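S.K.: Pasting a structure below so you can have a look.
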Amino acid sequence: MPIPSENRGLSPYTGWTREHWERSADQLLLAVRPFASPGKGLINLPGARPSRSGPRSDGLEGYARSWLLAAFRVAGDRGADPHGHLERYAEGLVSGTRHPLPTGEPGSASPDAWPLTTHVPQAIVESASVALGLRLTRPWLWDGLDDGARQRAVDWLLPALGPSPVDNNWWLFGLTVAGFLQDVGIETDRAAATIDRALERIDRWYLGDGWYSDGPNRSFDHYNAWALHFYPVLHAHLSDDAELLARYGPRLHAQLDAHSRLFGSDGAPMPYGRSLTYRFAAAAAPWLGTLTGHTPLTPGATRRLASGTLKHFLDRPAGSGATDEAGLLTLGWHGPYPPVIQHYSGPASPYWAAKGYLGLLLPPEHPAWTAVEEPLPAETQDATLPLGPTGLLIQSTAADGVVRLHNHGSNNHVDGGTGDDPCYSRFAYSTRTGPTSKGVPDNHFGLLSQGASTTRGPAVPLGSGPGWAASLSEPRPGPPGVRIVSVTLAHGRAEVRAHLVVDAVPGTPVRQTGWAVTPGHAAQLHPVHGYAGEACQLAAGSTLFGPGSHVRALHGTTGAPPCLFVALASLTAQPDPDPVHALADIQVTGHTVRVAWRDGPAYRLTLGPASVDVRTEGG
């Protein structure tokens, strides 16, 4: 399909319009067609490795996730379907549920049969996409099925109303199935109980300011936007439940105030947390805010954010975009990138990106499609803002549109938050860099033993405020009792990184690393206190942004405990930046650090064995 012409009058930042969204949706849907099973019940996409759930489950995933995209496309066009998407997916629904199987393996049964949700947990995830698609397209698909086909589909969906086997956002898959069943008048009491149970569960994890933890382990990531807000708010909207929308809509509004700051001027969402291969699903929440009226964003800013993100991944040089030569979404970021792929992901997993097309439900005449694009927060002014209860700190610079995220409170989603995962455990992330996956970890402070660094244990937040955030963690594996108290103080492009190492044996080597950059970006790392000599440059291998990255590193050794280490760091896309040490005057006395930004306020940081006191000078 030819790419539509850009419209720089309507969309001065991206050039993209609704036509680009419709055309790209059709391209993605047409690209998966050759991989459908004979009865179109499974879409078996090629890939080097299946997910842990097995090939048949992966085929269901291919059907369900692309079906959700087709549902947005057709429902947004009020049932118009020139490419015949509905007919294909209706046939697949019928053949997939005719003789479902209790396994995710291929077996010798029907090549179209879906695995049962009672036997393959991943099928519960996919049941939500199946049900949501049916809910959105009910007048054109569901209402036209015969009674037998509808009953078999219901029989397959009903077990998803049971308790979730995973204690996180999975509770909302049953809610989504229940919403569809309520709409069609099937098992309505049971469906209502499922919805109430799911909402009660996520309410336990709501910590305020728009932020849920994805489970009970302080895991804050993109699942806030594309799951924990997405499902309950969209359900309330589709149910026309004003009471429920009044309860959950304001939470979405608050989340979007933070979420909209996690996108760089180039459209890139923050590469932080798991399931990064879902890419432009990050645009789902901004569209949802506009759809429901619960958003701080103007219509023009919403489209600028969403179109920028979609374009960031789909409009790239050959070999570096989200799709391969066959037009299929790959497992990765800019092209395939296995290091950030989880064990639950298979060849069709990237199609959860379909959620990013939620905006197609807005009619063409809606202001979100007709208003002139407006700039993102990262393009208007510099900002250093703490994100509510998360322990995360945003640092963005308008001159280059780079957004940085400093982590002092969010942890891995598995193993109770204790597992080391480069997408969670780094001290900082940005829309232009890293994280490294092998070799030298970027944006890390750790103890060294025989050249290898300790990893960062779960981050316990110690506080945050305008321009700063702090946390406590334990190095792993590390000597018993050793703790590290860490503070980031940010202004403009500069960061002060201070670490107090508590109860380490004197003479223990430590290392602080900086940003993992590829050509076109400049990273600086300057010693202030505790380090021996200037930073050296180390090869860091590939990152999400390509091969050949490098990081700068500082080295030191502990003295009498507790021992303080302080450095200045900087990341910028501007050419020939001034040295970072020219941006601040810093004095260290004992465990107190005084920082006077050359063009900003002055701060006094005092680090203790389990606490941090941060004040503006004179405060």
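By convention here, the chains of the structure tokens are called A, B, ... in the order presented, each chain's residues are numbered starting at 1, and ligands are numbered starting at 1 in the order presented.
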For A:Tyr206, please output as number ranges by chain all residues within 10 Å (counting only C-alpha atoms; exclusion window: fewer than 4 positions along the same chain).
M.R.: A: 201-202, 210-215, 228, 251, 389
S.K.: Quick one: which stretch 292-390 of chain A residues come within 12 Å of stretch 469-489 of chain A, and what is the nearest atom pair for each with the distance in Å to one decimal, counting only C-alpha atoms, rows ordered by chain and ascending number, as CSV?
M.R.:
residue,atom,partner,partner_atom,distance
A:Thr384,CA,A:Leu489,CA,9.0
A:Leu385,CA,A:Ala469,CA,9.4
A:Pro386,CA,A:Ala469,CA,7.1
A:Leu387,CA,A:Ala469,CA,9.7
A:Gly388,CA,A:Ala469,CA,11.0
A:Pro389,CA,A:Ala469,CA,10.9
A:Thr390,CA,A:Ala469,CA,10.0
S.K.: Suppose we keep N, CA, C and O atoms; can you now write the selection as a PDB file, in the first residue's frame?
M.R.:
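After the write, part.pdb holds the following:
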ATOM      1  N   THR A 384      12.137  18.704  35.799  1.00  0.00           N
ATOM      2  CA  THR A 384      12.623  17.658  36.695  1.00  0.00           C
ATOM      3  C   THR A 384      11.521  17.437  37.726  1.00  0.00           C
ATOM      4  O   THR A 384      11.381  18.216  38.667  1.00  0.00           O
ATOM      5  N   LEU A 385      10.745  16.371  37.523  1.00  0.00           N
ATOM      6  CA  LEU A 385       9.537  16.162  38.306  1.00  0.00           C
ATOM      7  C   LEU A 385       9.478  14.763  38.891  1.00  0.00           C
ATOM      8  O   LEU A 385       9.667  13.777  38.174  1.00  0.00           O
ATOM      9  N   PRO A 386       9.206  14.641  40.195  1.00  0.00           N
ATOM     10  CA  PRO A 386       8.973  13.313  40.769  1.00  0.00           C
ATOM     11  C   PRO A 386       7.598  12.803  40.349  1.00  0.00           C
ATOM     12  O   PRO A 386       6.650  13.589  40.213  1.00  0.00           O
ATOM     13  N   LEU A 387       7.491  11.499  40.146  1.00  0.00           N
ATOM     14  CA  LEU A 387       6.243  10.901  39.704  1.00  0.00           C
ATOM     15  C   LEU A 387       5.535  10.254  40.891  1.00  0.00           C
ATOM     16  O   LEU A 387       5.629   9.050  41.137  1.00  0.00           O
ATOM     17  N   GLY A 388       4.822  11.073  41.640  1.00  0.00           N
ATOM     18  CA  GLY A 388       3.970  10.621  42.718  1.00  0.00           C
ATOM     19  C   GLY A 388       4.656   9.674  43.676  1.00  0.00           C
ATOM     20  O   GLY A 388       5.776   9.932  44.141  1.00  0.00           O
ATOM     21  N   PRO A 389       4.009   8.529  43.969  1.00  0.00           N
ATOM     22  CA  PRO A 389       4.533   7.606  44.978  1.00  0.00           C
ATOM     23  C   PRO A 389       5.541   6.595  44.450  1.00  0.00           C
ATOM     24  O   PRO A 389       5.949   5.693  45.173  1.00  0.00           O
ATOM     25  N   THR A 390       5.954   6.732  43.202  1.00  0.00           N
ATOM     26  CA  THR A 390       6.732   5.676  42.560  1.00  0.00           C
ATOM     27  C   THR A 390       8.210   5.672  42.921  1.00  0.00           C
ATOM     28  O   THR A 390       8.877   4.653  42.782  1.00  0.00           O
TER      29      THR A 390
END
S.K.: Can you tell me, as a list in words, what residues are no more than 8 Å from A:Pro269 when counting only C-alpha atoms, ignoring any on the same chain fewer than 5 positions away?
M.R.: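 So, after excluding close chain neighbours, the residues are Leu262, Phe263, Gly264, Arg279, Phe280, Ala282, Thr309 and Thr431 of chain A.
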S.K.: Grab the residues selected above and save them as a PDB file, in the first residue's frame with N, CA and C atoms.
M.R.:
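Full text of part.pdb as output:
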ATOM      1  N   LEU A 262       6.700  10.828  29.431  1.00  0.00           N
ATOM      2  CA  LEU A 262       7.610   9.711  29.200  1.00  0.00           C
ATOM      3  C   LEU A 262       7.888   9.482  27.719  1.00  0.00           C
ATOM      4  N   PHE A 263       7.642  10.497  26.887  1.00  0.00           N
ATOM      5  CA  PHE A 263       7.869  10.398  25.454  1.00  0.00           C
ATOM      6  C   PHE A 263       8.831  11.498  25.013  1.00  0.00           C
ATOM      7  N   GLY A 264       9.855  11.112  24.248  1.00  0.00           N
ATOM      8  CA  GLY A 264      10.788  12.090  23.723  1.00  0.00           C
ATOM      9  C   GLY A 264      10.215  12.812  22.514  1.00  0.00           C
ATOM     10  N   ARG A 279       5.723  -1.788  22.127  1.00  0.00           N
ATOM     11  CA  ARG A 279       6.015  -0.546  21.433  1.00  0.00           C
ATOM     12  C   ARG A 279       4.900   0.504  21.525  1.00  0.00           C
ATOM     13  N   PHE A 280       4.165   0.716  20.425  1.00  0.00           N
ATOM     14  CA  PHE A 280       3.209   1.829  20.381  1.00  0.00           C
ATOM     15  C   PHE A 280       1.899   1.538  21.099  1.00  0.00           C
ATOM     16  N   ALA A 282       1.932   2.004  23.965  1.00  0.00           N
ATOM     17  CA  ALA A 282       2.071   3.117  24.910  1.00  0.00           C
ATOM     18  C   ALA A 282       1.158   4.285  24.559  1.00  0.00           C
ATOM     19  N   THR A 309       4.542   8.481  18.291  1.00  0.00           N
ATOM     20  CA  THR A 309       4.970   7.151  18.728  1.00  0.00           C
ATOM     21  C   THR A 309       4.806   6.122  17.616  1.00  0.00           C
ATOM     22  N   THR A 431      14.988   8.115  26.628  1.00  0.00           N
ATOM     23  CA  THR A 431      14.339   7.824  25.350  1.00  0.00           C
ATOM     24  C   THR A 431      15.338   7.708  24.205  1.00  0.00           C
TER      25      THR A 431
END
S.K.: I'd like to know which residues of stretch 251-467 of chain A are alpha helix (DSSP H) (by DSSP, run on the backbone); could you write them as JSON, numbers by chain?
M.R.: {"A": [251, 252, 253, 254, 255, 256, 257, 258, 259, 284, 285, 286, 287, 288, 289, 290, 291, 292, 299, 300, 301, 302, 303, 304, 305, 306, 307, 308, 309, 310, 311, 312, 313, 314, 367, 368, 369, 370, 377, 378, 379, 380]}
S.K.: What is the distance between atom CA of A:Asp241 and atom CA of A:Leu93, in Å to one decimal?
M.R.: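 So the two atoms, atom CA of A:Asp241 and atom CA of A:Leu93, lie 28.5 Å apart.
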S.K.: Can you pull out every residue within 7 Å of stretch 535-549 of chain A, counting only C-alpha atoms, but drop anything in the same chain fewer than 6 positions away, and send it as a PyMOL selection string?
M.R.: chain A and resi 333-334+337+433-437+439-440+516-518+525-526
S.K.: Using DSSP secondary structure from the backbone, list all strand (DSSP E) positions within stretch 54-226 of chain A, as a VMD selection string.
M.R.: chain A and resid 206 to 208 211 to 212
